[in-house]
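The data block below is run-v9.cif; it holds mmCIF, C-alpha atoms.
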```
data_start
#
loop_
_atom_site.label_atom_id
_atom_site.label_comp_id
_atom_site.auth_asym_id
_atom_site.auth_seq_id
_atom_site.Cartn_x
_atom_site.Cartn_y
_atom_site.Cartn_z
CA MET A 1 -24.49 -18.74 -10.18
CA MET A 2 -26.88 -16.06 -11.40
CA LEU A 3 -26.67 -14.38 -14.79
CA VAL A 4 -26.24 -10.67 -14.21
CA SER A 5 -26.09 -7.96 -16.84
CA TYR A 6 -23.64 -5.09 -17.00
CA GLU A 7 -26.41 -2.66 -16.00
CA ASP A 8 -27.43 -4.85 -13.09
CA VAL A 9 -23.87 -4.94 -11.68
CA ARG A 10 -23.49 -1.20 -12.20
CA GLU A 11 -26.73 -0.44 -10.36
CA PHE A 12 -25.82 -2.87 -7.60
CA ILE A 13 -22.42 -1.19 -7.10
CA ARG A 14 -23.96 2.28 -7.13
CA GLU A 15 -26.61 1.34 -4.57
CA TYR A 16 -24.13 -0.54 -2.39
CA LEU A 17 -21.67 2.36 -2.35
CA SER A 18 -24.42 4.93 -1.70
CA ARG A 19 -25.61 2.90 1.29
CA LYS A 20 -22.07 2.32 2.55
CA LEU A 21 -21.03 5.97 2.22
CA LYS A 22 -24.25 7.18 3.84
CA GLY A 23 -23.32 5.10 6.88
CA GLN A 24 -20.03 7.02 7.00
CA GLY A 25 -21.76 10.39 6.70
CA ARG A 26 -20.62 10.74 3.09
CA GLY A 27 -22.21 10.42 -0.32
CA LEU A 28 -21.20 9.46 -3.83
CA PRO A 29 -19.40 12.39 -5.49
CA ALA A 30 -21.52 14.45 -7.88
CA ASP A 31 -19.18 13.56 -10.76
CA PHE A 32 -19.36 9.80 -10.05
CA SER A 33 -19.23 8.02 -13.39
CA GLU A 34 -18.41 4.65 -14.90
CA ASP A 35 -14.82 5.82 -15.44
CA CYS A 36 -14.36 6.48 -11.74
CA ASP A 37 -11.51 4.66 -10.00
CA LEU A 38 -13.08 3.75 -6.67
CA LEU A 39 -9.75 3.47 -4.82
CA LEU A 40 -7.86 6.42 -6.28
CA SER A 41 -10.88 8.68 -5.80
CA GLY A 42 -11.04 7.72 -2.12
CA ILE A 43 -14.59 6.35 -2.36
CA ILE A 44 -13.32 3.08 -0.91
CA ASP A 45 -10.07 1.92 0.68
CA SER A 46 -8.35 -1.50 0.67
CA LEU A 47 -10.89 -2.87 3.11
CA GLY A 48 -13.72 -1.34 1.10
CA LEU A 49 -12.46 -3.11 -2.03
CA LEU A 50 -12.52 -6.48 -0.30
CA GLU A 51 -16.00 -5.76 1.07
CA LEU A 52 -17.22 -4.72 -2.38
CA ILE A 53 -15.90 -7.92 -3.94
CA MET A 54 -17.62 -10.02 -1.31
CA GLU A 55 -20.88 -8.13 -1.83
CA ILE A 56 -20.68 -8.54 -5.62
CA GLN A 57 -20.05 -12.26 -5.21
CA GLU A 58 -22.98 -12.57 -2.85
CA HIS A 59 -25.16 -10.66 -5.28
CA CYS A 60 -24.12 -12.97 -8.14
CA ALA A 61 -24.31 -16.01 -5.86
CA CYS A 62 -20.84 -17.18 -6.93
CA GLU A 63 -17.11 -16.84 -6.28
CA ILE A 64 -15.69 -14.73 -9.09
CA ASP A 65 -12.08 -15.33 -10.14
CA PHE A 66 -10.60 -11.86 -10.69
CA GLU A 67 -7.16 -13.22 -11.67
CA SER A 68 -7.56 -12.44 -15.37
CA LEU A 69 -8.78 -8.87 -14.81
CA ASN A 70 -6.10 -6.20 -15.35
CA PRO A 71 -5.22 -4.92 -11.83
CA GLU A 72 -5.29 -1.32 -13.06
CA LEU A 73 -8.91 -1.76 -14.14
CA MET A 74 -10.22 -3.76 -11.22
CA THR A 75 -11.20 -0.66 -9.27
CA VAL A 76 -12.72 1.24 -12.22
CA VAL A 77 -16.51 0.93 -12.39
CA ARG A 78 -17.01 0.18 -16.11
CA PRO A 79 -14.35 -2.57 -16.56
CA LEU A 80 -15.26 -4.08 -13.20
CA CYS A 81 -18.95 -4.30 -14.20
CA GLU A 82 -18.06 -5.67 -17.66
CA PHE A 83 -15.81 -8.31 -16.12
CA VAL A 84 -18.38 -9.48 -13.59
CA ALA A 85 -21.13 -9.63 -16.22
CA ASP A 86 -18.83 -11.59 -18.58
CA GLN A 87 -17.86 -14.01 -15.84
CA THR A 88 -21.45 -14.83 -14.94
CA ARG A 89 -22.40 -15.10 -18.64
CA ASN A 90 -19.53 -17.54 -19.32
CA ALA A 91 -20.34 -19.58 -16.26
CA VAL A 92 -24.01 -20.15 -17.10
CA SER A 93 -23.55 -20.68 -20.86
CA MET B 1 33.00 5.94 0.51
CA TYR B 2 29.25 5.69 0.56
CA SER B 3 26.95 5.85 -2.43
CA PHE B 4 23.29 5.36 -3.29
CA GLN B 5 21.89 3.35 -6.15
CA ARG B 6 18.28 2.66 -7.12
CA GLY B 7 17.16 -0.94 -7.52
CA ALA B 8 16.42 -0.27 -11.18
CA GLU B 9 20.03 0.86 -11.78
CA PHE B 10 21.73 -1.64 -9.53
CA CYS B 11 21.91 -4.66 -11.80
CA ASP B 12 20.05 -6.31 -14.68
CA ASP B 13 17.81 -8.18 -12.27
CA PRO B 14 16.95 -6.12 -9.15
CA ASN B 15 14.92 -9.08 -7.87
CA ALA B 16 18.22 -10.85 -7.25
CA LEU B 17 18.65 -8.41 -4.34
CA ILE B 18 15.38 -9.32 -2.62
CA SER B 19 17.14 -11.57 -0.10
CA ILE B 20 19.29 -8.58 0.94
CA ALA B 21 16.46 -6.05 1.13
CA LEU B 22 13.60 -8.22 2.44
CA PRO B 23 14.79 -8.44 6.09
CA TRP B 24 14.98 -4.69 6.57
CA VAL B 25 11.86 -3.96 4.51
CA LEU B 26 9.95 -6.40 6.72
CA ALA B 27 11.52 -4.97 9.89
CA ALA B 28 10.58 -1.45 8.78
CA GLY B 29 7.00 -2.52 8.09
CA ASP B 30 6.63 -4.52 11.29
CA PRO B 31 4.83 -4.93 13.59
CA TYR B 32 2.03 -3.87 11.22
CA TYR B 33 2.84 -6.32 8.41
CA SER B 34 3.07 -9.41 10.62
CA TRP B 35 -0.05 -8.27 12.47
CA VAL B 36 -2.23 -7.58 9.43
CA PHE B 37 -1.06 -10.57 7.37
CA GLY B 38 -1.54 -12.97 10.27
CA GLY B 39 2.08 -13.78 11.19
CA LYS B 40 5.69 -13.18 10.23
CA GLU B 41 5.85 -16.15 7.86
CA GLN B 42 2.79 -14.98 5.91
CA ALA B 43 4.10 -11.40 5.87
CA THR B 44 7.46 -12.56 4.51
CA THR B 45 5.84 -14.52 1.68
CA ILE B 46 3.48 -11.71 0.70
CA LEU B 47 6.21 -9.04 0.85
CA GLU B 48 8.57 -11.13 -1.25
CA ASN B 49 5.89 -11.36 -3.94
CA TRP B 50 5.11 -7.65 -3.72
CA MET B 51 8.79 -6.73 -4.04
CA ARG B 52 8.85 -8.49 -7.43
CA ARG B 53 5.92 -6.40 -8.74
CA SER B 54 6.88 -3.06 -10.28
CA SER B 55 3.59 -1.47 -9.18
CA SER B 56 3.91 -2.35 -5.48
CA GLU B 57 4.74 0.13 -2.73
CA VAL B 58 7.73 -2.09 -1.89
CA SER B 59 8.82 -2.88 -5.45
CA MET B 60 12.56 -3.53 -5.77
CA LEU B 61 12.58 -0.86 -8.48
CA ARG B 62 11.74 1.72 -5.81
CA VAL B 63 14.50 0.77 -3.37
CA SER B 64 17.42 3.19 -2.97
CA PHE B 65 20.34 1.13 -1.71
CA LEU B 66 23.07 2.54 0.50
CA LYS B 67 26.39 1.00 -0.50
CA SER B 68 29.93 1.09 0.79
CA ALA B 69 32.19 -0.07 -2.03
CA SER B 70 30.28 -3.10 -3.30
CA GLU B 71 28.64 -3.90 0.05
CA VAL B 72 24.94 -3.11 0.53
CA LEU B 73 24.33 -1.64 3.98
CA GLY B 74 20.62 -0.91 3.75
CA GLY B 75 18.28 1.42 1.97
CA PHE B 76 14.95 3.16 1.81
CA ILE B 77 11.77 3.33 -0.25
CA ALA B 78 10.19 6.74 -0.79
CA MET B 79 7.64 8.28 -3.10
CA GLY B 80 5.27 11.23 -3.42
CA GLY B 81 1.72 11.00 -2.12
CA ALA B 82 0.16 10.52 -5.57
CA ASP B 83 2.53 7.63 -6.40
CA LEU B 84 1.89 6.12 -2.98
CA LYS B 85 -1.86 6.13 -3.64
CA ARG B 86 -1.36 4.23 -6.93
CA ALA B 87 1.09 1.78 -5.32
CA ARG B 88 -1.27 1.06 -2.43
CA LYS B 89 -4.10 0.55 -4.90
CA ALA B 90 -1.97 -2.04 -6.72
CA ASP B 91 -1.23 -3.83 -3.44
CA ALA B 92 -4.90 -3.73 -2.39
CA VAL B 93 -5.88 -5.27 -5.72
CA ALA B 94 -3.19 -7.95 -5.30
CA ILE B 95 -4.66 -8.86 -1.92
CA ALA B 96 -8.19 -8.85 -3.28
CA LYS B 97 -7.14 -11.19 -6.10
CA SER B 98 -5.16 -13.60 -3.98
CA SER B 99 -7.39 -14.02 -0.95
CA SER B 100 -10.60 -15.95 -0.72
CA GLY B 101 -13.03 -17.52 1.73
CA SER B 102 -12.10 -17.61 5.40
CA THR B 103 -8.58 -16.23 4.74
CA ARG B 104 -10.14 -13.12 3.23
CA GLU B 105 -12.58 -12.67 6.11
CA ALA B 106 -9.85 -12.97 8.75
CA PHE B 107 -7.66 -10.55 6.84
CA MET B 108 -10.55 -8.09 6.50
CA ALA B 109 -11.18 -8.22 10.24
CA ARG B 110 -7.54 -7.29 10.91
CA LEU B 111 -7.59 -4.62 8.21
CA ALA B 112 -10.72 -3.09 9.77
CA ASN B 113 -9.07 -3.17 13.19
CA GLY B 114 -6.08 -1.24 11.82
CA SER B 115 -8.03 1.12 9.58
CA ASN B 116 -7.21 4.17 11.75
CA LEU B 117 -3.47 3.59 11.94
CA PHE B 118 -2.18 5.46 8.90
CA PRO B 119 -3.73 8.78 7.91
CA PRO B 120 -3.76 9.51 4.16
CA VAL B 121 -0.63 11.04 2.63
CA ALA B 122 -1.25 14.23 0.64
CA ASP B 123 -0.10 14.45 -2.98
CA ALA B 124 2.24 17.30 -1.98
CA GLU B 125 4.03 15.19 0.65
CA TYR B 126 7.13 13.07 0.04
CA TYR B 127 6.66 9.85 1.97
CA LEU B 128 9.28 7.63 3.57
CA SER B 129 7.62 4.25 3.17
CA LYS B 130 10.44 2.03 4.46
CA MET B 131 13.94 2.61 5.76
CA GLY B 132 16.35 0.12 7.25
CA LEU B 133 19.79 -1.39 7.53
CA GLY B 134 21.29 -4.85 7.57
CA SER B 135 21.60 -6.00 11.18
CA SER B 136 25.40 -5.59 11.30
CA PHE B 137 25.20 -1.96 10.11
CA ILE B 138 22.78 -0.62 12.74
CA GLY B 139 24.03 1.99 15.24
CA LYS B 140 26.82 3.33 13.04
CA GLY B 141 25.28 6.58 11.86
CA HIS B 142 23.95 5.18 8.58
CA GLY B 143 20.35 6.08 9.47
CA ARG B 144 21.22 9.73 9.11
CA ARG B 145 22.82 9.03 5.70
CA LEU B 146 19.58 7.39 4.57
CA LEU B 147 17.52 10.35 5.78
CA ASP B 148 19.90 12.81 4.09
CA GLN B 149 19.38 11.05 0.77
CA PHE B 150 15.59 10.79 1.29
CA ILE B 151 15.40 14.57 1.80
CA ARG B 152 17.78 15.23 -1.10
CA ASP B 153 15.60 13.15 -3.43
CA GLY B 154 12.46 14.96 -2.25
CA ASP B 155 14.13 18.36 -2.68
CA LEU B 156 15.14 17.50 -6.23
CA LEU B 157 11.54 16.55 -6.98
CA GLY B 158 10.31 19.85 -5.50
CA TYR B 159 8.68 18.57 -2.30
CA MET B 160 8.68 20.76 0.81
CA ARG B 161 6.80 18.55 3.23
CA TYR B 162 8.08 15.12 4.31
CA ARG B 163 5.99 12.41 5.99
CA LEU B 164 6.54 9.05 7.62
CA ASP B 165 4.71 6.67 9.94
CA VAL B 166 6.52 4.87 12.74
CA HIS B 167 5.46 2.35 15.38
CA VAL B 168 5.03 4.06 18.77
CA GLY B 169 7.33 1.48 20.36
CA ASN B 170 10.21 2.11 17.97
CA LEU B 171 11.83 4.69 20.24
CA SER B 172 15.26 4.64 18.59
CA ALA B 173 13.74 5.43 15.20
CA ILE B 174 11.49 8.16 16.67
CA SER B 175 14.52 9.68 18.38
CA LEU B 176 16.49 9.63 15.10
CA TYR B 177 13.63 11.32 13.24
CA GLU B 178 13.18 13.94 15.97
CA HIS B 179 16.90 14.75 15.94
CA TYR B 180 16.57 15.20 12.21
CA GLY B 181 13.74 17.73 12.65
CA PHE B 182 10.65 15.59 12.22
CA ALA B 183 7.83 16.25 14.69
CA VAL B 184 5.01 13.95 15.72
CA ALA B 185 1.85 15.22 14.00
CA ASP B 186 -0.59 12.53 15.19
CA ARG B 187 -0.79 9.28 17.11
CA HIS B 188 -3.24 6.59 16.04
CA LEU B 189 -4.32 3.35 17.66
CA SER B 190 -5.92 0.27 16.13
CA LEU B 191 -9.57 -0.11 17.13
CA ASP B 192 -8.66 -2.73 19.76
CA GLY B 193 -5.87 -0.50 21.08
CA ALA B 194 -3.21 -3.18 20.54
CA LEU B 195 -1.15 -1.34 17.94
CA GLY B 196 -0.13 2.31 17.69
CA TYR B 197 1.65 4.42 15.07
CA CYS B 198 2.86 8.03 15.00
CA SER B 199 2.70 10.20 11.90
CA MET B 200 5.78 12.42 11.73
CA VAL B 201 6.23 15.49 9.54
CA LEU B 202 9.14 17.65 8.47
CA GLU B 203 8.48 21.01 6.78
CA ARG B 204 11.26 22.76 4.87
#
```
Using structure tokens, write down the structure that the file contains.
Amino acid sequence: MMLVSYEDVREFIREYLSRKLKGQGRGLPADFSEDCDLLLSGIIDSLGLLELIMEIQEHCACEIDFESLNPELMTVVRPLCEFVADQTRNAVS
Amino acid sequence: MYSFQRGAEFCDDPNALISIALPWVLAAGDPYYSWVFGGKEQATTILENWMRRSSSEVSMLRVSFLKSASEVLGGFIAMGGADLKRARKADAVAIAKSSSGSTREAFMARLANGSNLFPPVADAEYYLSKMGLGSSFIGKGHGRRLLDQFIRDGDLLGYMRYRLDVHVGNLSAISLYEHYGFAVADRHLSLDGALGYCSMVLER
């Protein structure tokens, strides 16, 4: 388990999505923000969500238990980053 | 006489009707559900859980039941494109939360294989997600009653374009939809070519 900050997760997600979308001939929308819902905005689909979770876990070098995260918020950048950062902080403290 | 009743209005606990609705919801979603979830048993378990969740595409609260007196003959699940997007998000999150390790990887491989099967539904389209009948009520003209009510509901909500996806091998359903005025808009195959679905559209 690696301690990751909110900013670190956010940057990781942004870079991962940019790379992923570039491979599909797309890019992050100009209005991409921390309030963006990645699924509802069409940036990722169901498969993309599973891939993103796996990538985040690999980045943090741990299996993150998302059970306690509100399902509505799981695909929104800010709460997702906050949750992951909290989880890694709690695990190493 | 026939009547329709939504799951939310049917009784205090719509989940008590899951055993009645689950067989036709699963049949309507198959072969995709059994294929993507790795078998009929797994699909049944997952669907049963989803039907209990109000946010799911197949929530019992979304089911419109066709009744004759007190007998439930079948029903359908329909929603607009924007609602469908939110419901599918909720189901995607449920999968993401519940799967892990090798189960998740196998599921992802199947999901990737089927990623072309269902084109996105536009916000302005009214989508027939599931439609079905109890096995003893098939072939008695009830399918048309279900479609009539689906269109009536969409009309009342102001929709003018109706969408559904159907397995290419389900010829009786395709024939019913075509007789009703739906036309095949697209055909899509899974990446390995093993599974195919048609998108059908009705404009009014």
Self-check item: Distance query A:Phe66 at most 12 Å, only C-alpha atoms, self and fewer than 6 positions along chain excluded, as a list in words
Solution: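 Those residues are Leu50, Ile53, Met54, Ile56, Gln57, Leu73, Met74, Thr75, Pro79, Leu80, Cys81, Glu82, Phe83, Val84, Asp86 and Gln87 of chain A; Val93, Ala94, Ile95, Ala96, Lys97, Ser98, Ser99 and Ser100 of chain B.
Compared by their closest atoms to chain A, and using all atoms listed in the file, the residues B:Ser172, B:Ser115, B:Gln5, B:Ser129 rank with B:Ser115 nearest.
Selection check: the PyMOL selection byres ((chain A and resi 62) around 10) on the shown file gives Met1, Met2, Met54, Ile56, Gln57, Glu58, His59, Cys60, Ala61, Glu63, Ile64, Asp65, Gln87, Thr88 and Ala91 of chain A.
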Practice problem: Provide the atom CA of B:Phe4 to atom CA of B:Ser68 distance in Å, to one decimal place. | Solution: 8.9 Å
Exercise. Find the residues around B:Gly143 up to 8 Å (all atoms listed in the file counted), leave out those fewer than 3 positions away in its own chain, and share them as a list in words.
Key: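 Everything that qualifies: Gly132, Leu133, Ile138, Gly139, Lys140, Leu146, Leu147 and Leu176 of chain B.
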With the cut-off set at 7 Å and counting all atoms listed in the file, tabulate each residue of chain B with an atom at most that distance from an atom of chain A, showing the nearest atom pair and its distance in Å to one decimal, ordered by chain and increasing number, as a tab-separated table.
```
residue	atom	partner	partner_atom	distance
B:Lys85	CA	A:Leu40	CA	6.6
B:Arg86	CA	A:Leu40	CA	6.9
B:Lys89	CA	A:Leu39	CA	6.4
B:Ala90	CA	A:Pro71	CA	6.7
B:Ala92	CA	A:Ser46	CA	5.1
B:Val93	CA	A:Pro71	CA	6.2
B:Ala96	CA	A:Leu50	CA	5.8
B:Lys97	CA	A:Phe66	CA	5.8
B:Met108	CA	A:Leu47	CA	6.2
B:Leu111	CA	A:Leu47	CA	6.3
B:Ala112	CA	A:Leu47	CA	6.7
```
Resulting file, chosen residues, C-alpha atoms, as a compact mmCIF listing (two decimals), in the frame of the given file:
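Saved the output as again_36.txt:
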```txt
# COMPACT_ATOMS: atom_id res chain seq x y z
CA LYS B 85 -1.86 6.13 -3.64
CA ARG B 86 -1.36 4.23 -6.93
CA LYS B 89 -4.10 0.55 -4.90
CA ALA B 90 -1.97 -2.04 -6.72
CA ALA B 92 -4.90 -3.73 -2.39
CA VAL B 93 -5.88 -5.27 -5.72
CA ALA B 96 -8.19 -8.85 -3.28
CA LYS B 97 -7.14 -11.19 -6.10
CA MET B 108 -10.55 -8.09 6.50
CA LEU B 111 -7.59 -4.62 8.21
CA ALA B 112 -10.72 -3.09 9.77
```
Quiz prompt | Residue nearest B:Asn49 - candidates B:Leu22, B:Leu117, B:Leu157, B:Cys11, atoms counted: all atoms listed in the file | solution = B:Leu22
Exercise. Given the file shown, enumerate the residues that the PyMOL selection byres ((chain B and resi 187-189) around 7) captures and present them as number ranges by chain.
Key: B: 116-117, 186, 190-191, 193, 195-199
Practice problem: Can you turn the PyMOL selection byres ((chain B and resi 71-79) around 6) into a concrete residue list for this file, as a PyMOL selection string? | Solution: chain B and resi 62-70+80+126-134
Practice problem: Write out as a PyMOL selection string each polymer residue whose atoms come within 9 Å of B:Leu202, counting only C-alpha atoms; drop sequence neighbours fewer than 5 positions from it. | Solution: chain B and resi 160-163+180-183
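The closest residue to A:Glu7, picked from A:Arg26, A:Glu34, A:Ile43, A:Val76 and counting only C-alpha atoms, is A:Glu34.
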Exercise. Could you please determine the separation between atom CA of B:Ala21 and atom CA of B:Met60 in Å, to one decimal place?
Key: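 Atom CA of B:Ala21 sits 8.3 Å away from atom CA of B:Met60.
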Self-check item: Counting only C-alpha atoms, the residue of B:Gly141, B:Val36, B:Met200, B:Asp123 that sits nearest B:Ala106
Solution: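 For B:Ala106, the nearest of the candidates is B:Val36.
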Quiz prompt | Two-atom distance - atom CA of B:Glu48, atom CA of B:Ile174 (Å) | solution =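 So the two atoms, atom CA of B:Glu48 and atom CA of B:Ile174, lie 26.5 Å apart.
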Exercise. Using only C-alpha atoms, pick whichever of B:Gly7, B:Phe37, B:Tyr2, B:Leu47 has the shortest atom-to-atom distance to B:Glu105.
Key: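 Using only C-alpha atoms, the shortest distance to B:Glu105 belongs to B:Phe37.
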Could you give me, as an mmCIF file with C-alpha atoms, in the frame of the given file, the residues within 9 Å of B:Ala82, counting all atoms listed in the file and dropping anything in the same chain fewer than 6 positions from it?
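Result file follows (selection.cif):
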```
data_model
loop_
_atom_site.group_PDB
_atom_site.id
_atom_site.type_symbol
_atom_site.label_atom_id
_atom_site.label_comp_id
_atom_site.auth_asym_id
_atom_site.auth_seq_id
_atom_site.Cartn_x
_atom_site.Cartn_y
_atom_site.Cartn_z
ATOM 1 C CA VAL B 121 -0.630 11.040 2.630
ATOM 2 C CA ALA B 122 -1.250 14.230 0.640
ATOM 3 C CA ASP B 123 -0.100 14.450 -2.980
ATOM 4 C CA ALA B 124 2.240 17.300 -1.980
ATOM 5 C CA GLU B 125 4.030 15.190 0.650
#
```
Quiz item: Leaving out A:Arg14 and any residue of its chain fewer than 6 positions from it, which residues lie within 10 Å of it when counting only C-alpha atoms, given as a PyMOL selection string?
Solution: chain A and resi 8+20+28+32-34+77
